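> Have a look at this one.
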Amino acid sequence: MRDTVFHSAAERIAFSEAVDFLDQGRLQLVPAPQIEQYVQKGLWVRDGNTYRLTDEGRRQHQLAVRERFSDG
């Protein structure tokens, strides 16, 4: 089954990079519209003054990391 959360590898890789910034506490490097898009897609959820990954966000991040660092 084809994954339809992202329309391209570039979108999935950008998500992976955004999660890296989130994990590093550098969320200010992620544009606000991009953050809202992830919330609307159910990948992130607001948690107080920050955000965290949902279960689906974690799954998508794992897929993105594999794609980002694959040799093929």
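By order of appearance in the structure tokens: chains A, B, ..., then residues from 1 within every chain, and ligands from 1 in the order shown.
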Fewer than 3 positions away in the same chain doesn't count, so skip those; otherwise give me all residues within 12 Å of A:Tyr51, counting only C-alpha atoms, as a list of chain:residue names.
A:Ala18, A:Val19, A:Phe21, A:Leu22, A:Asp23, A:Gly25, A:Arg26, A:Leu27, A:Gln28, A:Val30, A:Ala32, A:Ile35, A:Glu36, A:Tyr38, A:Val39, A:Gly42, A:Leu43, A:Trp44, A:Val45, A:Arg46, A:Asp47, A:Gly48, A:Thr54, A:Gly57
> May I have the selected residues written with N, CA, C and O atoms, as a short mmCIF file (atom, residue, chain, number, x, y, z; two decimals), in the first residue's frame?

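Output below, filename again.cif:
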```
data_model
loop_
_atom_site.label_atom_id
_atom_site.label_comp_id
_atom_site.auth_asym_id
_atom_site.auth_seq_id
_atom_site.Cartn_x
_atom_site.Cartn_y
_atom_site.Cartn_z
N ALA A 18 12.81 18.36 10.14
CA ALA A 18 12.04 19.11 11.12
C ALA A 18 11.99 18.37 12.46
O ALA A 18 12.10 18.98 13.52
N VAL A 19 11.84 17.05 12.40
CA VAL A 19 11.84 16.25 13.64
C VAL A 19 13.20 16.34 14.32
O VAL A 19 13.27 16.45 15.54
N PHE A 21 15.19 18.91 14.25
CA PHE A 21 15.19 20.21 14.93
C PHE A 21 14.35 20.17 16.20
O PHE A 21 14.75 20.71 17.22
N LEU A 22 13.20 19.52 16.13
CA LEU A 22 12.34 19.38 17.31
C LEU A 22 13.09 18.66 18.43
O LEU A 22 13.10 19.11 19.57
N ASP A 23 13.74 17.56 18.09
CA ASP A 23 14.49 16.77 19.08
C ASP A 23 15.66 17.56 19.68
O ASP A 23 16.02 17.35 20.84
N GLY A 25 15.66 20.75 20.19
CA GLY A 25 15.20 21.97 20.85
C GLY A 25 15.37 23.21 20.00
O GLY A 25 15.45 24.32 20.52
N ARG A 26 15.43 23.02 18.68
CA ARG A 26 15.63 24.14 17.76
C ARG A 26 14.42 24.33 16.85
O ARG A 26 14.54 24.54 15.65
N LEU A 27 13.25 24.24 17.44
CA LEU A 27 12.00 24.31 16.69
C LEU A 27 11.86 25.63 15.94
O LEU A 27 11.16 25.69 14.92
N GLN A 28 12.53 26.68 16.39
CA GLN A 28 12.44 27.97 15.71
C GLN A 28 12.98 27.90 14.28
O GLN A 28 12.70 28.79 13.47
N VAL A 30 12.05 25.66 12.17
CA VAL A 30 10.99 25.08 11.35
C VAL A 30 9.93 26.17 11.13
O VAL A 30 9.40 26.71 12.10
N ALA A 32 6.59 28.18 10.79
CA ALA A 32 5.28 27.97 11.43
C ALA A 32 4.27 27.28 10.52
O ALA A 32 3.56 26.37 10.97
N ILE A 35 4.95 23.60 10.57
CA ILE A 35 4.53 22.99 11.83
C ILE A 35 3.03 22.75 11.81
O ILE A 35 2.57 21.66 12.16
N GLU A 36 2.27 23.74 11.39
CA GLU A 36 0.80 23.59 11.33
C GLU A 36 0.39 22.47 10.39
O GLU A 36 -0.55 21.73 10.66
N TYR A 38 2.08 19.75 9.79
CA TYR A 38 2.33 18.49 10.49
C TYR A 38 1.27 18.21 11.54
O TYR A 38 0.86 17.06 11.73
N VAL A 39 0.81 19.25 12.22
CA VAL A 39 -0.27 19.09 13.20
C VAL A 39 -1.55 18.66 12.49
O VAL A 39 -2.23 17.73 12.92
N GLY A 42 -1.71 15.15 11.58
CA GLY A 42 -1.70 14.23 12.71
C GLY A 42 -0.33 13.66 13.02
O GLY A 42 -0.22 12.62 13.68
N LEU A 43 0.73 14.33 12.57
CA LEU A 43 2.08 13.85 12.80
C LEU A 43 2.69 14.43 14.06
O LEU A 43 3.52 13.79 14.71
N TRP A 44 2.28 15.65 14.39
CA TRP A 44 2.71 16.32 15.61
C TRP A 44 1.48 16.74 16.38
O TRP A 44 0.41 16.95 15.81
N VAL A 45 1.66 16.88 17.69
CA VAL A 45 0.59 17.40 18.54
C VAL A 45 1.21 18.45 19.46
O VAL A 45 2.36 18.31 19.88
N ARG A 46 0.46 19.50 19.71
CA ARG A 46 0.94 20.56 20.61
C ARG A 46 0.97 19.98 22.02
O ARG A 46 0.04 19.33 22.47
N ASP A 47 2.07 20.25 22.73
CA ASP A 47 2.25 19.76 24.09
C ASP A 47 2.78 20.92 24.93
O ASP A 47 3.99 21.13 25.00
N GLY A 48 1.85 21.71 25.49
CA GLY A 48 2.26 22.90 26.23
C GLY A 48 2.79 23.95 25.28
O GLY A 48 2.12 24.34 24.34
N THR A 54 3.34 12.28 17.22
CA THR A 54 2.29 11.29 17.49
C THR A 54 2.85 9.92 17.10
O THR A 54 3.96 9.83 16.55
N GLY A 57 3.41 10.10 13.50
CA GLY A 57 4.59 10.92 13.24
C GLY A 57 5.88 10.16 13.45
O GLY A 57 6.82 10.27 12.67
#
```
> Could you give me, as a VMD selection string, the residues within 12 Å of A:Ser70, counting only C-alpha atoms and dropping anything in the same chain fewer than 4 positions from it?
chain A and resid 9 13 63 to 66
> Limited to C-alpha atoms, could you put the picked residues into a file as a tab-separated table (two decimals), in the first residue's frame?

```tsv
chain	number	residue	atom	x	y	z
A	9	ALA	CA	10.60	11.99	-1.03
A	13	ILE	CA	12.98	14.25	4.08
A	63	LEU	CA	10.40	5.83	7.14
A	64	ALA	CA	11.94	9.22	6.35
A	65	VAL	CA	15.19	8.44	8.11
A	66	ARG	CA	15.50	5.20	6.14
```
> According to DSSP computed on the backbone, where in chain A is there strand (DSSP E)? Give the residues as a ChimeraX atom specification.
/A:44-47,50-53
> Keeping only C-alpha atoms, take the residues you just selected and write them out as a short mmCIF file (atom, residue, chain, number, x, y, z; two decimals), in the first residue's frame.

```cif
data_model
loop_
_atom_site.label_atom_id
_atom_site.label_comp_id
_atom_site.auth_asym_id
_atom_site.auth_seq_id
_atom_site.Cartn_x
_atom_site.Cartn_y
_atom_site.Cartn_z
CA TRP A 44 2.71 16.32 15.61
CA VAL A 45 0.59 17.40 18.54
CA ARG A 46 0.94 20.56 20.61
CA ASP A 47 2.25 19.76 24.09
CA THR A 50 6.18 22.83 22.27
CA TYR A 51 5.23 19.89 20.07
CA ARG A 52 5.77 16.16 20.13
CA LEU A 53 5.44 13.36 17.63
#
```
> So, counting only C-alpha atoms, which residue among A:Gln40, A:Gln60, A:Asn49, A:Gln24 is closest to A:Arg12?
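Looking only at the distances to A:Arg12, the closest residue turns out to be A:Gln60.
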> Would you work out the distance separating atom CA of A:Arg68 from atom CA of A:Ser8, expressed in Å to one decimal?
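According to the coordinates, atom CA of A:Arg68 and atom CA of A:Ser8 are separated by 12.1 Å.
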> Let me make sure I understand: among A:Gln62, A:Phe6, A:Asp55, A:Ala14, which one has the smallest atom-to-atom distance to A:Gln34 if we use only C-alpha atoms?
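Of A:Gln62, A:Phe6, A:Asp55, A:Ala14, the one nearest A:Gln34 is A:Ala14, counting only C-alpha atoms.
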> Report the residues of stretch 30-71 of chain A whose backbone DSSP state falls under alpha helix (DSSP H), written as a list in words.
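DSSP on the backbone gives alpha helix (DSSP H) at Ala32, Pro33, Gln34, Ile35, Glu36, Gln37, Tyr38, Val39, Gln40, Asp55, Glu56, Gly57, Arg58, Arg59, Gln60, His61, Gln62, Leu63, Ala64, Val65, Arg66, Glu67 and Arg68 of chain A.
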> Tell me, in Å to one decimal, how far atom CA of A:Arg58 is from atom CA of A:Gln37.
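Taking atom CA of A:Arg58 as the start and atom CA of A:Gln37 as the end point, the length is 15.6 Å.
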> Choose the residue, out of A:Lys41, A:Glu56, A:Pro33, A:Ser16, that has the smallest atom-to-atom separation from A:Phe69; count only C-alpha atoms.
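Nearest candidate to A:Phe69 out of A:Lys41, A:Glu56, A:Pro33, A:Ser16: A:Ser16.
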